[in-house]
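**Q** File follows, model31.cif with mmCIF, C-alpha atoms:
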data_work
loop_
_atom_site.label_atom_id
_atom_site.label_comp_id
_atom_site.auth_asym_id
_atom_site.auth_seq_id
_atom_site.Cartn_x
_atom_site.Cartn_y
_atom_site.Cartn_z
CA MET R 301 -12.12 -3.26 4.24
CA PRO R 302 -10.37 -2.18 6.22
CA LEU R 303 -6.97 -3.61 5.49
CA TRP R 304 -4.37 -2.84 8.11
CA THR R 305 -0.73 -3.33 7.17
CA VAL R 306 1.41 -3.13 10.28
CA TYR R 307 5.19 -2.72 10.10
CA HIS R 308 6.63 -3.42 13.52
CA PRO R 309 9.96 -4.20 15.21
CA VAL R 310 10.71 -7.90 15.53
CA ASP R 311 10.39 -8.02 19.32
CA VAL R 312 7.59 -5.60 20.10
CA TRP R 313 4.79 -8.17 20.41
CA SER R 314 4.29 -11.83 21.19
CA ASP R 315 1.81 -13.85 19.15
CA ALA R 316 -0.63 -13.43 22.04
CA ASP R 317 -0.16 -9.65 21.86
CA LYS R 318 -0.90 -9.69 18.15
CA ALA R 319 -4.05 -11.72 18.76
CA ALA R 320 -5.19 -9.31 21.47
CA LEU R 321 -4.47 -6.27 19.31
CA ALA R 322 -6.25 -7.79 16.30
CA GLU R 323 -9.31 -8.49 18.38
CA LYS R 324 -9.48 -4.96 19.76
CA ILE R 325 -9.02 -3.37 16.34
CA THR R 326 -11.72 -5.62 14.92
CA ASP R 327 -14.08 -4.71 17.75
CA LEU R 328 -13.79 -1.04 16.77
CA TYR R 329 -14.96 -1.67 13.23
CA ALA R 330 -17.45 -4.39 14.10
CA ALA R 331 -19.71 -1.77 15.66
CA VAL R 332 -20.63 -0.69 12.14
CA MET R 333 -19.77 -3.49 9.70
CA PRO R 334 -19.34 -7.26 9.34
CA ARG R 335 -16.51 -8.50 11.48
CA PHE R 336 -14.83 -10.45 8.69
CA TYR R 337 -14.28 -7.21 6.74
CA VAL R 338 -11.33 -6.44 9.00
CA GLY R 339 -8.03 -7.77 7.67
CA ILE R 340 -4.72 -7.24 9.45
CA VAL R 341 -1.27 -8.18 8.15
CA PHE R 342 1.65 -8.02 10.57
CA HIS R 343 5.14 -7.55 9.10
CA ALA R 344 8.07 -7.84 11.49
CA ILE R 345 10.77 -5.53 10.11
CA PRO R 346 14.33 -5.77 11.45
CA ALA R 347 15.90 -2.39 12.30
CA ARG R 348 18.28 -2.58 9.33
CA ASN R 349 15.21 -2.43 7.05
CA LEU R 350 13.27 0.34 8.77
CA TYR R 351 14.39 3.96 8.64
CA VAL R 352 12.72 6.95 10.25
CA GLY R 353 14.23 10.36 9.63
CA GLY R 354 17.09 8.70 7.76
CA VAL R 355 18.25 6.55 10.68
CA LYS R 356 17.64 2.90 11.56
CA ASN R 357 14.83 2.47 14.01
CA ASP R 358 13.69 -0.46 16.14
CA ARG R 359 11.29 1.53 18.37
CA TYR R 360 8.71 2.53 15.78
CA VAL R 361 5.46 0.94 14.61
CA ARG R 362 3.87 2.07 11.37
CA PHE R 363 0.17 1.39 10.77
CA VAL R 364 -1.12 1.74 7.19
CA LEU R 365 -4.92 1.63 7.00
CA GLU R 366 -6.89 1.22 3.80
CA HIS R 367 -10.57 1.97 4.27
CA ILE R 368 -12.95 0.73 1.60
CA ALA R 369 -16.41 0.01 3.02
CA ARG R 370 -16.92 3.37 4.71
CA SER R 371 -15.74 6.93 4.09
CA PHE R 372 -15.37 9.55 6.77
CA ALA R 373 -18.05 12.19 6.34
CA ASN R 374 -15.95 15.01 7.79
CA ILE R 375 -12.89 15.77 9.86
CA GLU R 376 -14.77 15.54 13.18
CA GLN R 377 -15.75 11.99 12.35
CA SER R 378 -12.26 11.04 11.23
CA HIS R 379 -10.68 12.51 14.36
CA HIS R 380 -13.21 10.77 16.55
CA PHE R 381 -12.40 7.40 14.99
CA ILE R 382 -8.64 7.89 14.83
CA ASP R 383 -8.66 9.00 18.48
CA LYS R 384 -10.41 5.73 19.36
CA ILE R 385 -7.82 3.80 17.38
CA ASN R 386 -5.04 5.57 19.27
CA GLU R 387 -6.68 4.62 22.59
CA VAL R 388 -6.73 1.00 21.51
CA LEU R 389 -3.13 1.12 20.34
CA ALA R 390 -1.61 2.93 23.34
CA PRO R 391 -1.09 -0.19 25.51
CA PHE R 392 0.65 -1.85 22.56
CA VAL R 393 2.91 1.04 21.55
CA SER R 394 3.45 4.14 23.72
CA ASP R 395 2.98 2.25 27.01
CA ARG R 396 5.88 0.03 25.93
CA GLY R 397 8.08 2.91 24.82
CA TYR R 398 7.47 2.70 21.08
CA ASP R 399 6.67 5.54 18.71
CA TRP R 400 3.86 4.95 16.27
CA GLU R 401 2.34 6.50 13.21
CA ILE R 402 -1.01 5.94 11.51
CA HIS R 403 -2.39 7.05 8.22
CA VAL R 404 -5.61 6.16 6.49
CA ASP R 405 -6.31 6.05 2.78
CA GLU R 406 -9.79 5.62 1.37
CA THR R 407 -10.24 3.55 -1.79
CA PRO R 408 -13.32 3.11 -4.01
CA PHE R 409 -16.14 0.97 -2.67
CA ASP R 410 -17.02 -0.19 -6.18
CA TYR R 411 -13.56 -1.62 -6.83
CA TRP R 412 -13.80 -4.16 -4.05
CA SER R 413 -14.75 -7.84 -4.14
CA ILE R 414 -14.85 -10.70 -1.61
CA ASN R 415 -15.02 -14.32 -2.77
CA GLY R 416 -16.21 -13.01 -6.14
CA HIS R 417 -19.07 -10.95 -4.67
CA TYR R 418 -19.41 -7.18 -4.61
CA PRO R 419 -20.16 -6.30 -0.99
CA PRO R 420 -23.60 -4.85 -0.29
CA LYS R 421 -24.12 -1.19 0.48
CA PHE R 422 -24.28 0.05 4.05
CA GLY R 423 -27.54 -0.64 5.85
CA THR R 424 -29.03 -2.98 3.25
CA GLU R 425 -30.69 -6.31 4.02
CA ASP R 426 -27.79 -8.05 2.30
CA GLU R 427 -25.29 -6.32 4.53
CA LYS R 428 -27.27 -7.33 7.59
CA ALA R 429 -27.13 -10.95 6.38
CA TRP R 430 -23.37 -10.74 5.79
CA ARG R 431 -22.94 -9.28 9.26
CA ALA R 432 -25.18 -11.81 10.99
CA GLY R 433 -23.51 -14.73 9.19
CA ASN R 434 -20.05 -13.18 9.45
CA ARG R 435 -19.30 -14.27 5.89
CA PRO R 436 -20.14 -13.25 2.31
CA PHE R 437 -23.20 -14.64 0.54
CA ALA R 438 -24.45 -14.33 -3.01
CA ARG R 439 -26.37 -11.07 -3.12
CA THR R 440 -30.17 -11.18 -3.22
CA HIS R 441 -30.61 -7.45 -3.97
CA ASN R 442 -28.80 -4.77 -5.92
CA MET I 1200 4.61 11.11 5.55
CA PRO I 1201 6.11 10.16 3.29
CA LEU I 1202 6.14 6.41 3.64
CA TRP I 1203 8.38 4.64 1.17
CA THR I 1204 7.87 0.92 0.69
CA VAL I 1205 10.77 -0.49 -1.30
CA TYR I 1206 10.61 -3.95 -2.89
CA HIS I 1207 14.10 -4.91 -3.95
CA PRO I 1208 16.13 -7.98 -5.00
CA VAL I 1209 17.87 -9.75 -2.15
CA ASP I 1210 21.39 -8.83 -3.24
CA VAL I 1211 21.05 -5.34 -4.67
CA TRP I 1212 22.18 -3.43 -1.57
CA SER I 1213 24.29 -3.92 1.53
CA ASP I 1214 23.07 -2.55 4.85
CA ALA I 1215 25.46 0.37 4.31
CA ASP I 1216 23.86 1.03 0.92
CA LYS I 1217 20.42 1.07 2.49
CA ALA I 1218 21.61 3.52 5.14
CA ALA I 1219 23.13 5.78 2.48
CA LEU I 1220 20.01 5.64 0.32
CA ALA I 1221 17.73 6.33 3.29
CA GLU I 1222 19.79 9.36 4.25
CA LYS I 1223 19.69 10.82 0.74
CA ILE I 1224 15.95 10.27 0.38
CA THR I 1225 15.38 11.88 3.76
CA ASP I 1226 17.53 14.87 2.80
CA LEU I 1227 15.23 15.52 -0.18
CA TYR I 1228 12.16 15.81 1.99
CA ALA I 1229 13.88 17.49 4.93
CA ALA I 1230 14.20 20.65 2.86
CA VAL I 1231 10.50 21.24 3.46
CA MET I 1232 9.37 19.18 6.45
CA PRO I 1233 10.51 17.58 9.73
CA ARG I 1234 13.10 14.93 9.10
CA PHE I 1235 11.34 12.28 11.19
CA TYR I 1236 8.32 12.41 8.86
CA VAL I 1237 10.26 10.26 6.39
CA GLY I 1238 9.69 6.53 6.89
CA ILE I 1239 11.29 3.88 4.67
CA VAL I 1240 10.61 0.16 4.77
CA PHE I 1241 12.91 -2.13 2.78
CA HIS I 1242 11.54 -5.51 1.69
CA ALA I 1243 13.99 -7.95 0.10
CA ILE I 1244 11.96 -10.03 -2.35
CA PRO I 1245 13.45 -13.21 -3.84
CA ALA I 1246 13.00 -13.53 -7.62
CA ARG I 1247 10.46 -16.33 -7.22
CA ASN I 1248 8.16 -13.79 -5.51
CA LEU I 1249 8.58 -10.84 -7.87
CA TYR I 1250 7.12 -10.83 -11.36
CA VAL I 1251 7.37 -8.10 -13.96
CA GLY I 1252 5.57 -8.58 -17.24
CA GLY I 1253 4.62 -12.09 -16.13
CA VAL I 1254 8.19 -13.32 -15.65
CA LYS I 1255 10.37 -13.71 -12.57
CA ASN I 1256 12.66 -10.76 -12.08
CA ASP I 1257 15.71 -10.20 -9.88
CA ARG I 1258 16.86 -6.98 -11.54
CA TYR I 1259 13.99 -4.69 -10.65
CA VAL I 1260 13.37 -2.33 -7.75
CA ARG I 1261 9.87 -1.04 -7.04
CA PHE I 1262 9.41 2.11 -4.99
CA VAL I 1263 5.93 2.81 -3.62
CA LEU I 1264 5.61 6.32 -2.15
CA GLU I 1265 2.73 7.49 -0.01
CA HIS I 1266 2.70 11.25 0.43
CA ILE I 1267 0.60 12.65 3.25
CA ALA I 1268 2.03 15.93 4.57
CA ARG I 1269 2.27 17.72 1.22
CA SER I 1270 0.39 17.55 -2.08
CA PHE I 1271 1.89 18.45 -5.42
CA ALA I 1272 0.33 21.71 -6.65
CA ASN I 1273 0.69 20.80 -10.32
CA ILE I 1274 2.46 18.50 -12.76
CA GLU I 1275 5.51 20.77 -13.07
CA GLN I 1276 6.06 20.50 -9.34
CA SER I 1277 5.55 16.74 -9.32
CA HIS I 1278 7.95 16.22 -12.23
CA HIS I 1279 10.52 18.48 -10.61
CA PHE I 1280 10.41 16.44 -7.40
CA ILE I 1281 10.26 13.02 -9.05
CA ASP I 1282 13.21 13.99 -11.28
CA LYS I 1283 15.18 14.81 -8.14
CA ILE I 1284 14.22 11.47 -6.66
CA ASN I 1285 15.40 9.71 -9.81
CA GLU I 1286 18.75 11.53 -9.58
CA VAL I 1287 19.14 10.32 -6.01
CA LEU I 1288 18.18 6.77 -6.95
CA ALA I 1289 20.32 6.41 -10.09
CA PRO I 1290 23.54 5.36 -8.30
CA PHE I 1291 21.57 2.72 -6.42
CA VAL I 1292 19.63 1.29 -9.37
CA SER I 1293 20.45 2.08 -13.01
CA ASP I 1294 24.18 2.53 -12.34
CA ARG I 1295 24.18 -1.05 -11.01
CA GLY I 1296 22.15 -2.45 -13.91
CA TYR I 1297 18.76 -2.57 -12.20
CA ASP I 1298 15.44 -1.39 -13.59
CA TRP I 1299 13.30 0.66 -11.27
CA GLU I 1300 9.81 2.04 -11.05
CA ILE I 1301 8.29 4.71 -8.82
CA HIS I 1302 4.78 5.76 -8.17
CA VAL I 1303 3.36 8.23 -5.69
CA ASP I 1304 -0.04 8.22 -4.09
CA GLU I 1305 -1.34 11.11 -2.03
CA THR I 1306 -3.47 10.37 1.02
CA PRO I 1307 -5.50 12.74 3.23
CA PHE I 1308 -3.57 14.99 5.61
CA ASP I 1309 -6.42 14.88 8.12
CA TYR I 1310 -6.30 11.07 8.42
CA TRP I 1311 -2.79 11.03 9.77
CA SER I 1312 -1.50 10.79 13.34
CA ILE I 1313 1.93 10.46 14.98
CA ASN I 1314 2.25 9.34 18.61
CA GLY I 1315 -1.42 10.25 19.02
CA HIS I 1316 -0.98 13.82 17.71
CA TYR I 1317 -2.40 15.29 14.52
CA PRO I 1318 0.57 16.87 12.74
CA PRO I 1319 0.49 20.65 12.42
CA LYS I 1320 -0.21 22.37 9.13
CA PHE I 1321 2.59 23.50 6.87
CA GLY I 1322 4.37 26.65 7.97
CA THR I 1323 2.80 26.90 11.42
CA GLU I 1324 4.69 27.61 14.62
CA ASP I 1325 3.92 24.07 15.75
CA GLU I 1326 5.43 22.61 12.60
CA LYS I 1327 8.55 24.71 13.12
CA ALA I 1328 8.81 23.28 16.63
CA TRP I 1329 8.37 19.71 15.38
CA ARG I 1330 11.01 20.35 12.75
CA ALA I 1331 13.47 21.99 15.12
CA GLY I 1332 13.02 19.24 17.73
CA ASN I 1333 12.83 16.49 15.11
CA ARG I 1334 10.02 14.85 17.02
CA PRO I 1335 6.28 15.33 17.66
CA PHE I 1336 5.02 17.47 20.52
CA ALA I 1337 1.58 18.12 21.91
CA ARG I 1338 0.12 20.88 19.76
CA THR I 1339 -0.11 24.37 21.20
CA HIS I 1340 -2.24 25.77 18.36
CA ASN I 1341 -4.96 24.50 16.07
CA MET G 29 1.04 -0.02 -13.18
CA PRO G 30 -0.59 -2.12 -12.09
CA LEU G 31 1.18 -3.19 -8.93
CA TRP G 32 -0.31 -6.26 -7.32
CA THR G 33 0.66 -6.98 -3.73
CA VAL G 34 -0.51 -10.47 -2.81
CA TYR G 35 -0.65 -11.64 0.82
CA HIS G 36 -1.10 -15.39 0.85
CA PRO G 37 -0.80 -18.38 3.19
CA VAL G 38 2.58 -20.05 3.16
CA ASP G 39 1.40 -23.28 1.51
CA VAL G 40 -1.27 -22.15 -0.93
CA TRP G 41 0.91 -22.12 -4.06
CA SER G 42 4.06 -23.72 -5.41
CA ASP G 43 6.53 -21.59 -7.35
CA ALA G 44 5.03 -23.04 -10.52
CA ASP G 45 1.58 -21.94 -9.37
CA LYS G 46 2.84 -18.43 -8.78
CA ALA G 47 4.40 -18.35 -12.25
CA ALA G 48 1.14 -19.55 -13.82
CA LEU G 49 -0.92 -17.05 -11.88
CA ALA G 50 1.44 -14.18 -12.74
CA GLU G 51 1.25 -15.04 -16.42
CA LYS G 52 -2.54 -15.12 -16.45
CA ILE G 53 -2.84 -11.84 -14.56
CA THR G 54 -0.37 -10.23 -16.93
CA ASP G 55 -2.31 -11.52 -19.96
CA LEU G 56 -5.41 -9.68 -18.71
CA TYR G 57 -3.65 -6.33 -18.65
CA ALA G 58 -1.50 -6.94 -21.73
CA ALA G 59 -4.61 -6.66 -23.90
CA VAL G 60 -4.46 -2.91 -23.34
CA MET G 61 -0.97 -1.94 -22.18
CA PRO G 62 2.71 -2.92 -22.31
CA ARG G 63 3.28 -6.25 -20.66
CA PHE G 64 6.13 -5.03 -18.47
CA TYR G 65 3.79 -2.58 -16.74
CA VAL G 66 2.44 -5.46 -14.67
CA GLY G 67 4.31 -5.96 -11.39
CA ILE G 68 3.34 -8.62 -8.87
CA VAL G 69 4.84 -9.08 -5.41
CA PHE G 70 3.99 -12.28 -3.51
CA HIS G 71 4.22 -12.20 0.28
CA ALA G 72 3.80 -15.50 2.12
CA ILE G 73 2.24 -14.64 5.48
CA PRO G 74 2.15 -17.25 8.27
CA ALA G 75 -1.22 -17.57 10.00
CA ARG G 76 0.08 -15.93 13.18
CA ASN G 77 0.58 -12.73 11.17
CA LEU G 78 -2.70 -12.65 9.25
CA TYR G 79 -5.98 -11.88 10.96
CA VAL G 80 -9.42 -11.75 9.38
CA GLY G 81 -12.35 -10.77 11.57
CA GLY G 82 -10.04 -10.73 14.57
CA VAL G 83 -8.95 -14.37 14.26
CA LYS G 84 -5.86 -16.00 12.78
CA ASN G 85 -6.43 -17.19 9.25
CA ASP G 86 -4.47 -19.51 6.97
CA ARG G 87 -7.19 -19.93 4.32
CA TYR G 88 -7.37 -16.39 3.00
CA VAL G 89 -5.63 -14.59 0.13
CA ARG G 90 -5.63 -10.79 -0.02
CA PHE G 91 -4.97 -9.07 -3.34
CA VAL G 92 -4.13 -5.34 -3.22
CA LEU G 93 -4.14 -3.75 -6.69
CA GLU G 94 -2.76 -0.31 -7.45
CA HIS G 95 -3.80 0.92 -10.89
CA ILE G 96 -1.84 3.79 -12.37
CA ALA G 97 -1.81 3.66 -16.18
CA ARG G 98 -5.55 3.39 -16.67
CA SER G 99 -8.63 4.54 -14.73
CA PHE G 100 -11.98 2.83 -14.87
CA ALA G 101 -14.44 5.04 -16.76
CA ASN G 102 -17.48 3.82 -14.83
CA ILE G 103 -18.76 1.05 -12.59
CA GLU G 104 -19.77 -1.20 -15.51
CA GLN G 105 -16.20 -1.16 -16.75
CA SER G 106 -14.77 -1.79 -13.29
CA HIS G 107 -17.14 -4.71 -12.66
CA HIS G 108 -16.37 -6.17 -16.07
CA PHE G 109 -12.65 -6.12 -15.35
CA ILE G 110 -12.87 -7.28 -11.75
CA ASP G 111 -15.15 -10.13 -12.84
CA LYS G 112 -12.49 -11.22 -15.32
CA ILE G 113 -9.88 -11.06 -12.58
CA ASN G 114 -12.05 -13.24 -10.35
CA GLU G 115 -12.38 -15.79 -13.18
CA VAL G 116 -8.60 -15.91 -13.49
CA LEU G 117 -8.16 -16.24 -9.74
CA ALA G 118 -10.82 -18.90 -9.06
CA PRO G 119 -8.62 -21.94 -9.86
CA PHE G 120 -5.96 -20.53 -7.52
CA VAL G 121 -8.22 -19.65 -4.61
CA SER G 122 -11.85 -20.82 -4.30
CA ASP G 123 -11.21 -24.07 -6.21
CA ARG G 124 -8.63 -24.90 -3.53
CA GLY G 125 -10.85 -23.92 -0.64
CA TYR G 126 -9.40 -20.49 0.06
CA ASP G 127 -11.29 -17.25 0.63
CA TRP G 128 -10.04 -14.22 -1.23
CA GLU G 129 -10.51 -10.49 -1.31
CA ILE G 130 -9.56 -7.89 -3.90
CA HIS G 131 -9.52 -4.16 -3.83
CA VAL G 132 -8.25 -1.67 -6.36
CA ASP G 133 -6.93 1.80 -5.74
CA GLU G 134 -6.18 4.25 -8.53
CA THR G 135 -3.19 6.55 -8.21
CA PRO G 136 -2.16 9.54 -10.36
CA PHE G 137 -0.74 8.81 -13.81
CA ASP G 138 1.50 11.88 -13.60
CA TYR G 139 3.22 10.68 -10.42
CA TRP G 140 4.66 7.59 -12.04
CA SER G 141 8.10 6.94 -13.53
CA ILE G 142 9.89 3.89 -14.97
CA ASN G 143 13.67 3.90 -15.35
CA GLY G 144 13.54 7.68 -15.05
CA HIS G 145 10.98 8.12 -17.86
CA TYR G 146 7.41 9.33 -17.54
CA PRO G 147 5.32 6.71 -19.32
CA PRO G 148 3.56 7.85 -22.51
CA LYS G 149 -0.16 8.49 -22.63
CA PHE G 150 -2.57 5.80 -23.78
CA GLY G 151 -2.67 5.24 -27.53
CA THR G 152 0.34 7.40 -28.39
CA GLU G 153 3.10 6.37 -30.77
CA ASP G 154 5.46 6.24 -27.81
CA GLU G 155 3.21 3.86 -25.97
CA LYS G 156 3.02 1.63 -29.05
CA ALA G 157 6.82 1.57 -29.11
CA TRP G 158 7.01 0.69 -25.39
CA ARG G 159 4.47 -2.04 -25.95
CA ALA G 160 6.14 -3.47 -29.05
CA GLY G 161 9.58 -3.42 -27.39
CA ASN G 162 8.21 -4.50 -24.01
CA ARG G 163 10.48 -2.01 -22.29
CA PRO G 164 10.69 1.73 -21.64
CA PHE G 165 12.47 4.05 -24.09
CA ALA G 166 13.35 7.71 -23.96
CA ARG G 167 10.22 9.52 -25.13
CA THR G 168 10.20 11.04 -28.61
CA HIS G 169 6.93 12.96 -28.09
CA ASN G 170 5.18 14.75 -25.27
#
Represent the structure contained in this file as structure tokens.
**A**
Amino acid sequence: MPLWTVYHPVDVWSDADKAALAEKITDLYAAVMPRFYVGIVFHAIPARNLYVGGVKNDRYVRFVLEHIARSFANIEQSHHFIDKINEVLAPFVSDRGYDWEIHVDETPFDYWSINGHYPPKFGTEDEKAWRAGNRPFARTHN
Amino acid sequence: MPLWTVYHPVDVWSDADKAALAEKITDLYAAVMPRFYVGIVFHAIPARNLYVGGVKNDRYVRFVLEHIARSFANIEQSHHFIDKINEVLAPFVSDRGYDWEIHVDETPFDYWSINGHYPPKFGTEDEKAWRAGNRPFARTHN
Amino acid sequence: MPLWTVYHPVDVWSDADKAALAEKITDLYAAVMPRFYVGIVFHAIPARNLYVGGVKNDRYVRFVLEHIARSFANIEQSHHFIDKINEVLAPFVSDRGYDWEIHVDETPFDYWSINGHYPPKFGTEDEKAWRAGNRPFARTHN
């Protein structure tokens, strides 16, 4: 958690851009969870394979976010976080003349496993250890 | 919304076929929402990377639909719409000897953003403006 | 159902490995459902397109599982099944020095269609026929 799947035009970003974007996205989440929870997959999609409104599009970036470790408590919280995401994204999309769309799905915390471990609950000692070590450990508590 | 992710054999469709399919899919949704809401990503998957029932398959198309802007009210409505989708797809799949599978997930309306805007609710003046202009605008109402 | 989307480093598996893994995954599900329900899409992702914790990663496999035909009844059942998945995966990931992460989402049974048919409910005569024939048929019951 989260898993970001990013469908983007072939030429929108250099590898350095992707690295910079990945770091900024990760920073957003790392304020409240282990850094290694953040996974990002970039898919370059040629215009002939990306349609928006029924027409080919090479000026559009689509961000699909699956959130697992945390759920938004209410719409104020979700808007606050999504607004921050949009601030991070702006230099990579709108400032370069690209349209972009985001949506978030939330999936069950209990149906999630890393290296064979079930991640610890928010705020537990185990989670603190995972965050400090920036990797999963065998759990010492339930 | 919706986002269609389409995993298909390498040779099933020409670029013209994809354009025709994308237009027909978009027409289905455009009856009730702005046309530009419809995003479609085509992924050509070679048989060595697509397994169905544990065996390689190059005669199978998998449609993954994420619905955000609208929720089905009941099973009659969902079947009605999915039946219409299947009618649209038939010439592109079964009529060419391909198997196909569809599933729809619904994700939260509130966790969705286009060009930094939260899309307007169904039937509002803002949504009418987005639909008429076929693009997002800054919202004038809540 | 299920649909597995697997994001993996370019060199982690041979085609024979993928075939072996697909068969073992399918065996797990085939204990309780038609074999052809199991779809698996492999995506080789070069390190420059896969970030974990904000850094490029070529030692990480991400499994995204969408479950449609069956829902977990409780956390014991989900852990039991995910543990079995992790046992199946271990020789393909950790034993080769790769990290791996799994998450499962559940999507609505009613919003699912194969070759234009709505799959039969669990335990019905129609489902037995689909399972025995390992393919979808026109339904004879509701």
**Q** Evaluate the PyMOL selection byres ((chain I) within 8 of (chain R)) against this structure - the residues, as an MDAnalysis selection string, please.
**A** chainID I and resid 1214 1217:1218 1221:1226 1234:1242 1306:1307 1309:1315
**Q** Calculated over only C-alpha atoms, which of the candidates G:Leu31, G:Tyr146, G:Glu153, G:Leu49 has the smallest distance to His1279 of chain I?
**A** G:Tyr146
**Q** So the first atom is atom CA of Pro147 of chain G and the second is atom CA of Val1211 of chain I; what is the distance between them in Å, to one decimal place?
**A** 24.6 Å
**Q** Suppose you want the space between atom CA of Trp1203 of chain I and atom CA of His1266 of chain I; what is it in Å?
**A**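 Computed distance, atom CA of Trp1203 of chain I to atom CA of His1266 of chain I, equals 8.7 Å.
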**Q** For the atom pair atom CA of Arg159 of chain G and atom CA of Ala59 of chain G, what is the interatomic distance in Å to one decimal place?
**A**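 The value is 10.4 Å.
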**Q** Excluding Pro1233 of chain I and its own-chain neighbours fewer than 2 positions away, which residues fall within 8 Å of it when counting all atoms listed in the file? Please give them as a list in words.
**A**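 The residues that qualify are Ala1229, Val1231, Phe1235, Tyr1236, Glu1326, Trp1329, Arg1330, Ala1331, Asn1333 and Arg1334 of chain I.
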**Q** If you keep C-alpha atoms, can you produce a file of those selected residues as a compact mmCIF listing (two decimals), keeping the file's coordinate frame?
**A**
# COMPACT_ATOMS: atom_id res chain seq x y z
CA ALA I 1229 13.88 17.49 4.93
CA VAL I 1231 10.50 21.24 3.46
CA PHE I 1235 11.34 12.28 11.19
CA TYR I 1236 8.32 12.41 8.86
CA GLU I 1326 5.43 22.61 12.60
CA TRP I 1329 8.37 19.71 15.38
CA ARG I 1330 11.01 20.35 12.75
CA ALA I 1331 13.47 21.99 15.12
CA ASN I 1333 12.83 16.49 15.11
CA ARG I 1334 10.02 14.85 17.02
**Q** Report as AutoDock Vina command-line options the centre and the edge lengths, in Å to one decimal, of the axis-aligned box holding every listed atom of segment 41-56 of chain G, padded by 8 Å on each side.
**A**
--center_x 0.6 --center_y -16.7 --center_z -12.0 --size_x 27.9 --size_y 30.0 --size_z 31.9
**Q** Considering only C-alpha atoms, state which residue in the set I:Arg1269, I:Arg1258, I:His1316, I:Lys1283 is at the smallest distance from Phe1336 of chain I.
**A**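 Distance minimum relative to Phe1336 of chain I lands on I:His1316.
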**Q** Closest to Leu56 of chain G among G:Val116, G:Ser99, G:Ala72, G:Thr33, using all atoms listed in the file?
**A**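 That would be G:Val116, the residue with the smallest distance to Leu56 of chain G.
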